[in-house]
>>> print(open('entry.pdb').read())   # PDB, C-alpha atoms and all ligand atoms
ATOM      1  CA  MET A   1       0.000   0.000   0.000
ATOM      2  CA  LYS A   2       1.241   3.419  -0.944
ATOM      3  CA  SER A   3       0.656   6.730   0.723
ATOM      4  CA  CYS A   4      -2.934   7.708   0.802
ATOM      5  CA  TYR A   5      -4.893  10.826   0.267
ATOM      6  CA  LEU A   6      -7.071  11.468   3.281
ATOM      7  CA  PHE A   7     -10.007  12.741   1.348
ATOM      8  CA  LEU A   8     -12.739  11.839   3.771
ATOM      9  CA  ALA A   9     -10.427  12.076   6.744
ATOM     10  CA  VAL A  10     -10.498   8.344   7.078
ATOM     11  CA  ALA A  11      -7.581   6.008   6.895
ATOM     12  CA  CYS A  12      -7.577   4.903   3.356
ATOM     13  CA  SER A  13      -6.553   1.782   1.646
ATOM     14  CA  LEU A  14      -5.534   1.856  -1.940
ATOM     15  CA  LEU A  15      -7.411  -0.163  -4.414
ATOM     16  CA  VAL A  16      -7.253   1.245  -7.867
ATOM     17  CA  ILE A  17      -8.354  -0.677 -10.835
ATOM     18  CA  ALA A  18      -7.742  -0.022 -14.425
ATOM     19  CA  SER A  19      -9.863  -2.145 -16.588
ATOM     20  CA  ALA A  20      -9.523  -2.155 -20.305
ATOM     21  CA  GLY A  21     -10.636  -5.487 -21.082
ATOM     22  CA  SER A  22     -13.241  -7.783 -21.930
ATOM     23  CA  PHE A  23     -16.946  -7.367 -21.451
ATOM     24  CA  TYR A  24     -16.915 -10.939 -20.101
ATOM     25  CA  GLN A  25     -14.564  -9.838 -17.364
ATOM     26  CA  ASP A  26     -16.050  -6.440 -16.571
ATOM     27  CA  CYS A  27     -19.783  -6.712 -17.145
ATOM     28  CA  ASP A  28     -22.839  -8.796 -16.384
ATOM     29  CA  ILE A  29     -25.778  -8.934 -18.700
ATOM     30  CA  THR A  30     -28.671  -8.167 -16.408
ATOM     31  CA  TRP A  31     -31.780  -8.541 -18.524
ATOM     32  CA  GLY A  32     -33.202  -9.099 -21.975
ATOM     33  CA  ASP A  33     -33.378 -12.857 -22.234
ATOM     34  CA  GLY A  34     -30.592 -13.334 -24.786
ATOM     35  CA  ARG A  35     -31.042  -9.961 -26.493
ATOM     36  CA  ALA A  36     -27.755  -8.663 -25.051
ATOM     37  CA  LYS A  37     -24.722 -10.379 -26.515
ATOM     38  CA  ILE A  38     -21.015 -10.342 -25.848
ATOM     39  CA  LEU A  39     -19.118 -11.022 -29.064
ATOM     40  CA  ASN A  40     -15.628 -11.032 -30.582
ATOM     41  CA  ASN A  41     -13.948 -12.604 -27.595
ATOM     42  CA  GLY A  42     -15.389 -10.027 -25.227
ATOM     43  CA  GLN A  43     -14.444  -6.988 -27.306
ATOM     44  CA  LEU A  44     -17.932  -6.118 -28.474
ATOM     45  CA  LEU A  45     -21.258  -5.988 -26.694
ATOM     46  CA  THR A  46     -24.585  -5.488 -28.429
ATOM     47  CA  LEU A  47     -27.944  -4.653 -26.919
ATOM     48  CA  SER A  48     -31.120  -5.253 -28.819
ATOM     49  CA  LEU A  49     -34.738  -4.261 -28.509
ATOM     50  CA  ASP A  50     -37.812  -5.787 -30.060
ATOM     51  CA  LYS A  51     -41.494  -5.561 -29.305
ATOM     52  CA  THR A  52     -41.222  -8.063 -26.465
ATOM     53  CA  SER A  53     -38.233  -6.682 -24.592
ATOM     54  CA  GLY A  54     -35.164  -4.515 -24.480
ATOM     55  CA  SER A  55     -31.914  -5.524 -22.799
ATOM     56  CA  GLY A  56     -29.199  -4.268 -20.516
ATOM     57  CA  PHE A  57     -25.947  -4.834 -18.694
ATOM     58  CA  ARG A  58     -24.013  -3.443 -15.774
ATOM     59  CA  THR A  59     -20.443  -3.506 -14.562
ATOM     60  CA  LYS A  60     -19.408  -6.114 -12.023
ATOM     61  CA  ASN A  61     -17.429  -3.528 -10.067
ATOM     62  CA  GLU A  62     -18.680  -0.581  -8.143
ATOM     63  CA  TYR A  63     -16.632   2.594  -8.327
ATOM     64  CA  LEU A  64     -16.055   5.459  -5.977
ATOM     65  CA  PHE A  65     -14.636   8.067  -8.337
ATOM     66  CA  ALA A  66     -13.617   7.061 -11.802
ATOM     67  CA  LYS A  67     -12.879   8.058 -15.317
ATOM     68  CA  ILE A  68     -15.063   5.886 -17.481
ATOM     69  CA  ASP A  69     -14.887   5.708 -21.248
ATOM     70  CA  MET A  70     -17.204   3.756 -23.488
ATOM     71  CA  GLN A  71     -17.453   3.698 -27.241
ATOM     72  CA  ILE A  72     -21.032   3.404 -28.414
ATOM     73  CA  LYS A  73     -22.629   3.153 -31.829
ATOM     74  CA  LEU A  74     -26.291   4.014 -31.540
ATOM     75  CA  VAL A  75     -29.309   2.417 -33.189
ATOM     76  CA  PRO A  76     -29.227   3.481 -36.856
ATOM     77  CA  GLY A  77     -32.077   4.454 -39.146
ATOM     78  CA  ASN A  78     -35.478   5.058 -37.661
ATOM     79  CA  SER A  79     -34.722   4.853 -33.935
ATOM     80  CA  ALA A  80     -37.702   6.965 -32.861
ATOM     81  CA  GLY A  81     -39.157   5.824 -29.545
ATOM     82  CA  THR A  82     -36.004   4.012 -28.442
ATOM     83  CA  VAL A  83     -33.769   5.098 -25.595
ATOM     84  CA  THR A  84     -30.193   3.963 -25.052
ATOM     85  CA  THR A  85     -28.962   4.673 -21.547
ATOM     86  CA  TYR A  86     -25.440   4.711 -20.158
ATOM     87  CA  TYR A  87     -25.122   5.895 -16.589
ATOM     88  CA  LEU A  88     -23.463   5.575 -13.223
ATOM     89  CA  SER A  89     -25.784   4.858 -10.327
ATOM     90  CA  SER A  90     -25.723   3.820  -6.705
ATOM     91  CA  GLU A  91     -28.629   2.009  -5.099
ATOM     92  CA  GLY A  92     -31.458   2.988  -2.787
ATOM     93  CA  PRO A  93     -33.894   5.874  -2.391
ATOM     94  CA  THR A  94     -31.204   8.503  -1.785
ATOM     95  CA  HIS A  95     -29.050   7.308  -4.621
ATOM     96  CA  ASP A  96     -26.591   9.288  -6.704
ATOM     97  CA  GLU A  97     -26.715   9.032 -10.466
ATOM     98  CA  ILE A  98     -24.829  10.477 -13.441
ATOM     99  CA  ASP A  99     -26.759   9.973 -16.676
ATOM    100  CA  PHE A 100     -26.214   9.857 -20.380
ATOM    101  CA  GLU A 101     -29.385   8.946 -22.308
ATOM    102  CA  PHE A 102     -29.692   8.899 -26.065
ATOM    103  CA  LEU A 103     -33.191   9.533 -27.337
ATOM    104  CA  GLY A 104     -33.761   8.094 -30.792
ATOM    105  CA  ASN A 105     -35.364   9.874 -33.705
ATOM    106  CA  LEU A 106     -36.732   9.398 -37.184
ATOM    107  CA  SER A 107     -34.151   8.731 -39.919
ATOM    108  CA  GLY A 108     -32.297  11.938 -40.630
ATOM    109  CA  ASP A 109     -33.541  13.726 -37.517
ATOM    110  CA  PRO A 110     -30.988  14.240 -34.777
ATOM    111  CA  TYR A 111     -30.675  12.143 -31.646
ATOM    112  CA  THR A 112     -31.037  13.992 -28.379
ATOM    113  CA  LEU A 113     -28.309  13.438 -25.818
ATOM    114  CA  HIS A 114     -29.943  13.873 -22.452
ATOM    115  CA  THR A 115     -27.842  14.314 -19.282
ATOM    116  CA  ASN A 116     -28.772  14.527 -15.623
ATOM    117  CA  VAL A 117     -27.136  14.424 -12.204
ATOM    118  CA  PHE A 118     -28.884  13.032  -9.131
ATOM    119  CA  THR A 119     -27.497  13.658  -5.680
ATOM    120  CA  GLN A 120     -29.009  11.935  -2.667
ATOM    121  CA  GLY A 121     -32.065  10.932  -4.642
ATOM    122  CA  LYS A 122     -32.720  14.333  -6.157
ATOM    123  CA  GLY A 123     -32.336  14.982  -9.890
ATOM    124  CA  ASN A 124     -34.121  17.625 -11.965
ATOM    125  CA  ARG A 125     -30.847  18.808 -13.455
ATOM    126  CA  GLU A 126     -31.417  17.971 -17.091
ATOM    127  CA  MET A 127     -29.310  19.355 -19.877
ATOM    128  CA  GLN A 128     -29.874  18.171 -23.443
ATOM    129  CA  PHE A 129     -27.720  18.391 -26.514
ATOM    130  CA  LYS A 130     -27.657  17.577 -30.168
ATOM    131  CA  LEU A 131     -24.455  16.013 -31.430
ATOM    132  CA  TRP A 132     -22.105  17.471 -34.026
ATOM    133  CA  PHE A 133     -21.852  14.126 -35.836
ATOM    134  CA  ASP A 134     -24.108  11.228 -36.701
ATOM    135  CA  PRO A 135     -23.800   8.905 -33.678
ATOM    136  CA  THR A 136     -25.130   5.939 -35.647
ATOM    137  CA  MET A 137     -22.456   5.854 -38.359
ATOM    138  CA  ASP A 138     -19.513   5.089 -36.126
ATOM    139  CA  PHE A 139     -18.427   4.441 -32.579
ATOM    140  CA  HIS A 140     -17.876   7.570 -30.493
ATOM    141  CA  THR A 141     -16.452   7.852 -27.006
ATOM    142  CA  TYR A 142     -18.733   8.947 -24.191
ATOM    143  CA  SER A 143     -16.898   9.587 -20.928
ATOM    144  CA  ILE A 144     -17.788  10.352 -17.359
ATOM    145  CA  LEU A 145     -15.058  11.872 -15.264
ATOM    146  CA  TRP A 146     -16.051  11.730 -11.615
ATOM    147  CA  ASN A 147     -13.557  13.009  -9.090
ATOM    148  CA  PRO A 148     -14.019  14.714  -5.702
ATOM    149  CA  ARG A 149     -14.493  18.134  -7.275
ATOM    150  CA  HIS A 150     -16.203  17.597 -10.621
ATOM    151  CA  VAL A 151     -18.498  15.446 -12.637
ATOM    152  CA  ILE A 152     -17.528  16.110 -16.244
ATOM    153  CA  PHE A 153     -19.472  14.694 -19.188
ATOM    154  CA  MET A 154     -17.384  14.302 -22.334
ATOM    155  CA  VAL A 155     -18.047  13.354 -25.918
ATOM    156  CA  ASP A 156     -14.969  12.304 -27.902
ATOM    157  CA  GLY A 157     -12.867  14.074 -25.296
ATOM    158  CA  THR A 158     -14.811  17.342 -25.532
ATOM    159  CA  PRO A 159     -16.430  18.357 -22.251
ATOM    160  CA  ILE A 160     -20.092  19.191 -22.674
ATOM    161  CA  ARG A 161     -21.080  19.612 -19.033
ATOM    162  CA  ASP A 162     -19.284  20.222 -15.755
ATOM    163  CA  PHE A 163     -21.188  19.620 -12.506
ATOM    164  CA  LYS A 164     -19.029  21.122  -9.796
ATOM    165  CA  ASN A 165     -18.697  20.217  -6.172
ATOM    166  CA  LEU A 166     -20.441  23.123  -4.449
ATOM    167  CA  GLU A 167     -20.884  21.469  -1.083
ATOM    168  CA  SER A 168     -19.438  24.560   0.550
ATOM    169  CA  ARG A 169     -22.546  26.343  -0.777
ATOM    170  CA  GLY A 170     -24.867  23.664   0.560
ATOM    171  CA  ILE A 171     -25.373  21.735  -2.674
ATOM    172  CA  ALA A 172     -24.984  17.964  -2.450
ATOM    173  CA  PHE A 173     -22.282  16.278  -4.517
ATOM    174  CA  PRO A 174     -21.941  12.546  -5.199
ATOM    175  CA  LYS A 175     -18.992  11.363  -3.140
ATOM    176  CA  ASN A 176     -20.008   8.759  -0.601
ATOM    177  CA  GLN A 177     -22.014   6.186  -2.494
ATOM    178  CA  PRO A 178     -20.254   3.737  -4.794
ATOM    179  CA  MET A 179     -21.773   3.514  -8.239
ATOM    180  CA  ARG A 180     -21.857   1.027 -11.072
ATOM    181  CA  ILE A 181     -22.156   1.625 -14.772
ATOM    182  CA  TYR A 182     -25.493   0.513 -16.182
ATOM    183  CA  SER A 183     -26.598   0.491 -19.773
ATOM    184  CA  SER A 184     -29.814  -0.445 -21.484
ATOM    185  CA  LEU A 185     -31.768  -0.203 -24.687
ATOM    186  CA  TRP A 186     -35.514   0.030 -24.240
ATOM    187  CA  ASN A 187     -38.747   1.341 -25.640
ATOM    188  CA  ALA A 188     -39.877   4.711 -24.317
ATOM    189  CA  ASP A 189     -42.166   5.835 -27.089
ATOM    190  CA  ASP A 190     -44.558   7.305 -24.550
ATOM    191  CA  TRP A 191     -42.116  10.237 -24.092
ATOM    192  CA  ALA A 192     -38.797   9.885 -25.892
ATOM    193  CA  THR A 193     -39.280  11.310 -29.364
ATOM    194  CA  ARG A 194     -40.934  14.713 -29.707
ATOM    195  CA  GLY A 195     -42.411  14.193 -26.294
ATOM    196  CA  GLY A 196     -44.080  10.898 -27.240
ATOM    197  CA  ALA A 197     -45.685  12.065 -30.480
ATOM    198  CA  VAL A 198     -43.548   9.759 -32.631
ATOM    199  CA  LYS A 199     -43.960   6.067 -31.828
ATOM    200  CA  THR A 200     -41.563   3.184 -32.287
ATOM    201  CA  ASP A 201     -41.931   1.580 -35.700
ATOM    202  CA  TRP A 202     -41.643  -2.099 -34.853
ATOM    203  CA  SER A 203     -41.233  -3.066 -38.496
ATOM    204  CA  ASN A 204     -37.626  -1.871 -38.019
ATOM    205  CA  ALA A 205     -37.016  -4.192 -35.058
ATOM    206  CA  PRO A 206     -34.743  -5.538 -33.736
ATOM    207  CA  PHE A 207     -33.012  -2.277 -32.855
ATOM    208  CA  VAL A 208     -29.344  -2.711 -32.009
ATOM    209  CA  ALA A 209     -26.789  -0.537 -30.187
ATOM    210  CA  SER A 210     -23.130  -1.589 -29.994
ATOM    211  CA  TYR A 211     -20.451  -1.055 -27.357
ATOM    212  CA  ARG A 212     -16.695  -1.463 -27.374
ATOM    213  CA  ASN A 213     -13.480  -0.300 -25.674
ATOM    214  CA  PHE A 214     -14.912   0.056 -22.211
ATOM    215  CA  ASN A 215     -12.262   1.540 -19.978
ATOM    216  CA  ALA A 216     -12.512   2.352 -16.296
ATOM    217  CA  ASP A 217      -9.704   4.071 -14.439
ATOM    218  CA  ALA A 218     -11.359   3.827 -11.122
ATOM    219  CA  CYS A 219     -11.138   3.676  -7.396
ATOM    220  CA  VAL A 220     -13.296   1.116  -5.731
ATOM    221  CA  PRO A 221     -14.635   0.955  -2.206
ATOM    222  CA  ALA A 222     -12.575  -1.420  -0.107
ATOM    223  CA  SER A 223     -13.869  -3.633   2.700
ATOM    224  CA  GLY A 224     -17.251  -2.027   2.963
ATOM    225  CA  THR A 225     -16.123   1.546   3.538
ATOM    226  CA  SER A 226     -15.856   4.510   1.257
ATOM    227  CA  LYS A 227     -12.195   4.841   0.490
ATOM    228  CA  CYS A 228     -10.240   6.114  -2.366
ATOM    229  CA  ALA A 229      -6.668   7.017  -3.096
ATOM    230  CA  SER A 230      -4.892   9.833  -4.813
ATOM    231  CA  ASN A 231      -2.563   7.624  -6.800
ATOM    232  CA  ALA A 232      -5.419   7.134  -9.137
ATOM    233  CA  ALA A 233      -4.508  10.530 -10.461
ATOM    234  CA  SER A 234      -0.827  10.210 -11.154
ATOM    235  CA  ASN A 235      -1.210   6.668 -12.359
ATOM    236  CA  ASN A 236      -4.106   7.252 -14.624
ATOM    237  CA  GLY A 237      -3.527  10.395 -16.565
ATOM    238  CA  GLY A 238      -4.360  12.817 -13.800
ATOM    239  CA  TRP A 239      -8.120  12.406 -13.731
ATOM    240  CA  TRP A 240      -8.265  12.649  -9.937
ATOM    241  CA  ASN A 241      -7.366  16.332 -10.111
ATOM    242  CA  GLN A 242      -8.704  17.028 -13.563
ATOM    243  CA  GLU A 243     -10.948  19.970 -14.216
ATOM    244  CA  VAL A 244     -12.044  21.793 -17.326
ATOM    245  CA  ASP A 245      -8.947  23.820 -18.242
ATOM    246  CA  SER A 246      -9.143  26.985 -20.313
ATOM    247  CA  THR A 247      -8.797  25.256 -23.677
ATOM    248  CA  ALA A 248     -11.439  22.718 -22.752
ATOM    249  CA  GLN A 249     -13.563  25.539 -21.398
ATOM    250  CA  GLU A 250     -13.602  27.075 -24.869
ATOM    251  CA  ARG A 251     -14.669  23.756 -26.380
ATOM    252  CA  MET A 252     -17.416  23.325 -23.813
ATOM    253  CA  LYS A 253     -18.674  26.822 -24.490
ATOM    254  CA  TRP A 254     -18.775  26.029 -28.206
ATOM    255  CA  VAL A 255     -20.878  22.930 -27.563
ATOM    256  CA  GLN A 256     -23.202  24.663 -25.138
ATOM    257  CA  GLN A 257     -23.734  27.630 -27.443
ATOM    258  CA  ASN A 258     -24.278  25.621 -30.599
ATOM    259  CA  TYR A 259     -25.649  22.237 -29.567
ATOM    260  CA  MET A 260     -27.422  22.594 -26.235
ATOM    261  CA  ILE A 261     -31.172  22.358 -26.721
ATOM    262  CA  TYR A 262     -32.306  22.352 -23.096
ATOM    263  CA  ASN A 263     -30.803  23.646 -19.881
ATOM    264  CA  TYR A 264     -32.714  23.354 -16.603
ATOM    265  CA  CYS A 265     -30.797  26.403 -15.432
ATOM    266  CA  SER A 266     -32.605  28.580 -17.940
ATOM    267  CA  ASP A 267     -36.064  27.078 -17.458
ATOM    268  CA  LEU A 268     -37.727  29.810 -15.434
ATOM    269  CA  LYS A 269     -41.192  28.422 -16.158
ATOM    270  CA  ARG A 270     -40.313  25.189 -14.500
ATOM    271  CA  PHE A 271     -38.819  26.797 -11.416
ATOM    272  CA  PRO A 272     -41.144  29.731 -10.683
ATOM    273  CA  GLN A 273     -39.840  29.945  -7.112
ATOM    274  CA  GLY A 274     -36.330  30.448  -8.433
ATOM    275  CA  LEU A 275     -33.737  28.405 -10.255
ATOM    276  CA  PRO A 276     -31.819  25.734  -8.341
ATOM    277  CA  PRO A 277     -28.981  27.319  -6.361
ATOM    278  CA  GLU A 278     -26.141  25.847  -8.449
ATOM    279  CA  CYS A 279     -27.496  27.721 -11.477
ATOM    280  CA  SER A 280     -26.464  31.094 -10.120
ATOM    281  CA  ILE A 281     -22.931  30.018  -9.246
ATOM    282  CA  ALA A 282     -20.761  30.146 -12.327
TER     283      ALA A 282
HETATM  284  C1  LIG A 301     -36.040  14.712 -33.266
HETATM  285  O1  LIG A 301     -36.068  15.591 -34.352
HETATM  286  C2  LIG A 301     -36.923  16.705 -34.185
HETATM  287  C3  LIG A 301     -36.930  17.477 -35.498
HETATM  288  O2  LIG A 301     -35.621  17.884 -35.826
HETATM  289  C4  LIG A 301     -36.446  17.533 -33.008
HETATM  290  O3  LIG A 301     -37.369  18.579 -32.757
HETATM  291  C5  LIG A 301     -36.332  16.653 -31.760
HETATM  292  O4  LIG A 301     -35.749  17.404 -30.703
HETATM  293  C6  LIG A 301     -35.453  15.464 -32.062
HETATM  294  N1  LIG A 301     -35.228  14.591 -30.926
HETATM  295  C7  LIG A 301     -36.143  13.959 -30.217
HETATM  296  C8  LIG A 301     -35.648  13.033 -29.188
HETATM  297  O5  LIG A 301     -37.346  14.082 -30.377
END
>>> encode(input="entry.pdb", output="structure tokens")
Amino acid sequence: MKSCYLFLAVACSLLVIASAGSFYQDCDITWGDGRAKILNNGQLLTLSLDKTSGSGFRTKNEYLFAKIDMQIKLVPGNSAGTVTTYYLSSEGPTHDEIDFEFLGNLSGDPYTLHTNVFTQGKGNREMQFKLWFDPTMDFHTYSILWNPRHVIFMVDGTPIRDFKNLESRGIAFPKNQPMRIYSSLWNADDWATRGGAVKTDWSNAPFVASYRNFNADACVPASGTSKCASNAASNNGGWWNQEVDSTAQERMKWVQQNYMIYNYCSDLKRFPQGLPPECSIA
């Protein structure tokens, strides 16, 4: 054991994992009755959805801070009504959750990338984006960087959203509850596409989304307590201390100005009593 970072003022034991491996090794298929498949010696995972059922998987490990990368190729063609999710979540009624959701659309119409952050069971922090490429043509990398000070959502390395630790201002931040990655492909045509107006066209089924190159540079909780170590940073490209630097800030601004289609922080109608407190802290 190396020297430890006393983040939670507890004695900490180092258990850092870097997994760049096989879906067999890292993930469990959790539902879908054969519709989720691990292929190519564990290098590829596909989820499928038909009229009877969708499918899903989750990681075997739980993480307490991590940089997670996943390459995903979304359902091509007419994907209206389908939702592909990819998120970190803990368990229980006061859970934390960091969400990517991809809402399908008619052929030629853009997918919506929906993001949200739940802390201690409370969400309502949606931000939605269009993408600057067709996410069904190729694999693209969707990353969640979760360290003690930031939750950063990234698309092909470009940050699109930075949820900061503002605990000093009384806003909860996910930092005590270990989370797993979950992913699923399911039918949500009651709300997903144009608010539910466009239904899933089952003549296009089965719908298939593909996953590869899962990589988790992560700290994991050891022996039942919440512990994590700083070495994660130096050993894994510095993600432990990473924030959105000035160059990345410019990129994020570009995305938010040109591709953001919804921001809860500007939805005054929804929050007539006042926007959530984090919205007024830059
Ligand atoms: C689908 O395309 C329409 C038309 O461009 C757009 O208004 C909508 O936001 C897109 N996404 C979803 C999920 O409905």
>>> closest_atom_pairs(input="entry.pdb", of="chain A", to="ligand LIG 301 (chain A)", cutoff="6 Å", atoms="only C-alpha atoms and all ligand atoms", output="tab-separated table")
residue	atom	partner	partner_atom	distance
A:Leu103	CA	A:LIG301	C8	4.7
A:Gly104	CA	A:LIG301	C8	5.5
A:Asn105	CA	A:LIG301	C1	4.9
A:Asp109	CA	A:LIG301	O1	4.5
A:Pro110	CA	A:LIG301	O1	5.3
A:Tyr111	CA	A:LIG301	N1	5.2
A:Thr112	CA	A:LIG301	C8	4.8
A:Ala192	CA	A:LIG301	C8	5.5
A:Thr193	CA	A:LIG301	O5	3.5
A:Arg194	CA	A:LIG301	O5	3.7
>>> closest_residue(input="entry.pdb", among="A:Glu167, A:Asp217, A:Glu91, A:Asp189", to="Pro277 of chain A", atoms="all atoms listed in the file")
A:Glu167
>>> closest_residue(input="entry.pdb", among="A:Lys51, A:Trp186, A:Glu243, A:Tyr259", to="Trp31 of chain A", atoms="only C-alpha atoms")
A:Trp186
>>> closest_residue(input="entry.pdb", among="A:Gly108, A:Pro148, A:Gly274, A:Gly32", to="Ser55 of chain A", atoms="all atoms listed in the file")
A:Gly32
>>> closest_atom_pairs(input="entry.pdb", of="segment 178-268 of chain A", to="segment 21-28 of chain A", cutoff="10 Å", atoms="all atoms listed in the file", output="CSV")
residue,atom,partner,partner_atom,distance
A:Ile181,CA,A:Cys27,CA,9.0
A:Tyr182,CA,A:Cys27,CA,9.3
A:Tyr211,CA,A:Phe23,CA,9.3
A:Arg212,CA,A:Phe23,CA,8.4
A:Asn213,CA,A:Gly21,CA,7.5
A:Phe214,CA,A:Gly21,CA,7.1
A:Asn215,CA,A:Gly21,CA,7.3
A:Ala216,CA,A:Gly21,CA,9.4
>>> write_last_selection(input="entry.pdb", atoms="C-alpha atoms", output="PDB file, in the coordinates of the input")
ATOM      1  CA  ILE A 181     -22.156   1.625 -14.772  1.00  0.00           C
ATOM      2  CA  TYR A 182     -25.493   0.513 -16.182  1.00  0.00           C
ATOM      3  CA  TYR A 211     -20.451  -1.055 -27.357  1.00  0.00           C
ATOM      4  CA  ARG A 212     -16.695  -1.463 -27.374  1.00  0.00           C
ATOM      5  CA  ASN A 213     -13.480  -0.300 -25.674  1.00  0.00           C
ATOM      6  CA  PHE A 214     -14.912   0.056 -22.211  1.00  0.00           C
ATOM      7  CA  ASN A 215     -12.262   1.540 -19.978  1.00  0.00           C
ATOM      8  CA  ALA A 216     -12.512   2.352 -16.296  1.00  0.00           C
TER       9      ALA A 216
END
>>> resolve_selection(input="entry.pdb", expression="the PyMOL selection byres (((chain A and resi 140-144) around 6) and not hetatm)", output="PDB file with C-alpha atoms, in the frame of the given file")
ATOM      1  CA  LYS A  67     -12.879   8.058 -15.317  1.00  0.00           C
ATOM      2  CA  ILE A  68     -15.063   5.886 -17.481  1.00  0.00           C
ATOM      3  CA  ASP A  69     -14.887   5.708 -21.248  1.00  0.00           C
ATOM      4  CA  MET A  70     -17.204   3.756 -23.488  1.00  0.00           C
ATOM      5  CA  GLN A  71     -17.453   3.698 -27.241  1.00  0.00           C
ATOM      6  CA  ILE A  72     -21.032   3.404 -28.414  1.00  0.00           C
ATOM      7  CA  PHE A 139     -18.427   4.441 -32.579  1.00  0.00           C
ATOM      8  CA  LEU A 145     -15.058  11.872 -15.264  1.00  0.00           C
ATOM      9  CA  ILE A 152     -17.528  16.110 -16.244  1.00  0.00           C
ATOM     10  CA  PHE A 153     -19.472  14.694 -19.188  1.00  0.00           C
ATOM     11  CA  MET A 154     -17.384  14.302 -22.334  1.00  0.00           C
ATOM     12  CA  VAL A 155     -18.047  13.354 -25.918  1.00  0.00           C
ATOM     13  CA  ASP A 156     -14.969  12.304 -27.902  1.00  0.00           C
TER      14      ASP A 156
END
>>> atom_distance(input="entry.pdb", atom1="atom CA of Phe57 of chain A", atom2="atom CA of Thr30 of chain A")
4.9 Å
>>> closest_residue(input="entry.pdb", among="A:Pro159, A:Met137, A:Leu131, A:Gln273", to="Asp245 of chain A", atoms="only C-alpha atoms")
A:Pro159
>>> closest_residue(input="entry.pdb", among="A:Pro178, A:Ile38, A:Ala80, A:Lys130", to="Ala222 of chain A", atoms="all atoms listed in the file")
A:Pro178
>>> residues_around(input="entry.pdb", residues="Ala36 of chain A", least_positions_apart="2", cutoff="6 Å", atoms="only C-alpha atoms", output="PyMOL selection string")
chain A and resi 34+46-47+55
>>> closest_residue(input="entry.pdb", among="A:Arg270, A:Arg149, A:Arg180, A:Lys122", to="Thr94 of chain A", atoms="only C-alpha atoms")
A:Lys122
>>> atom_distance(input="entry.pdb", atom1="atom CA of Val198 of chain A", atom2="atom CA of Gly81 of chain A")
6.7 Å
>>> decode(input="entry.pdb", residues="segment 97-111 of chain A", atoms="N, CA and C atoms", output="compact mmCIF listing (two decimals), in the first residue's frame")
# COMPACT_ATOMS: atom_id res chain seq x y z
N GLU A 97 -26.65 9.53 -9.09
CA GLU A 97 -26.72 9.03 -10.47
C GLU A 97 -26.16 10.07 -11.42
N ILE A 98 -25.41 9.61 -12.41
CA ILE A 98 -24.83 10.48 -13.44
C ILE A 98 -25.23 9.87 -14.79
N ASP A 99 -26.08 10.57 -15.52
CA ASP A 99 -26.76 9.97 -16.68
C ASP A 99 -26.37 10.50 -18.03
N PHE A 100 -26.14 9.58 -18.94
CA PHE A 100 -26.21 9.86 -20.38
C PHE A 100 -27.43 9.07 -20.89
N GLU A 101 -28.31 9.70 -21.65
CA GLU A 101 -29.38 8.95 -22.31
C GLU A 101 -29.48 9.45 -23.73
N PHE A 102 -29.61 8.54 -24.65
CA PHE A 102 -29.69 8.90 -26.07
C PHE A 102 -31.11 8.62 -26.54
N LEU A 103 -31.81 9.68 -26.90
CA LEU A 103 -33.19 9.53 -27.34
C LEU A 103 -33.22 9.45 -28.85
N GLY A 104 -33.76 8.36 -29.36
CA GLY A 104 -33.76 8.09 -30.79
C GLY A 104 -34.66 9.05 -31.55
N ASN A 105 -34.58 8.97 -32.87
CA ASN A 105 -35.36 9.87 -33.70
C ASN A 105 -35.65 9.23 -35.05
N LEU A 106 -36.48 9.86 -35.83
CA LEU A 106 -36.73 9.40 -37.18
C LEU A 106 -35.44 9.48 -38.00
N SER A 107 -35.33 8.69 -39.04
CA SER A 107 -34.15 8.73 -39.92
C SER A 107 -33.89 10.16 -40.35
N GLY A 108 -32.66 10.60 -40.19
CA GLY A 108 -32.30 11.94 -40.63
C GLY A 108 -32.53 13.02 -39.59
N ASP A 109 -33.36 12.76 -38.60
CA ASP A 109 -33.54 13.73 -37.52
C ASP A 109 -32.55 13.41 -36.40
N PRO A 110 -32.09 14.46 -35.72
CA PRO A 110 -30.99 14.24 -34.78
C PRO A 110 -31.41 13.55 -33.48
N TYR A 111 -30.55 12.69 -33.00
CA TYR A 111 -30.67 12.14 -31.65
C TYR A 111 -30.62 13.28 -30.64
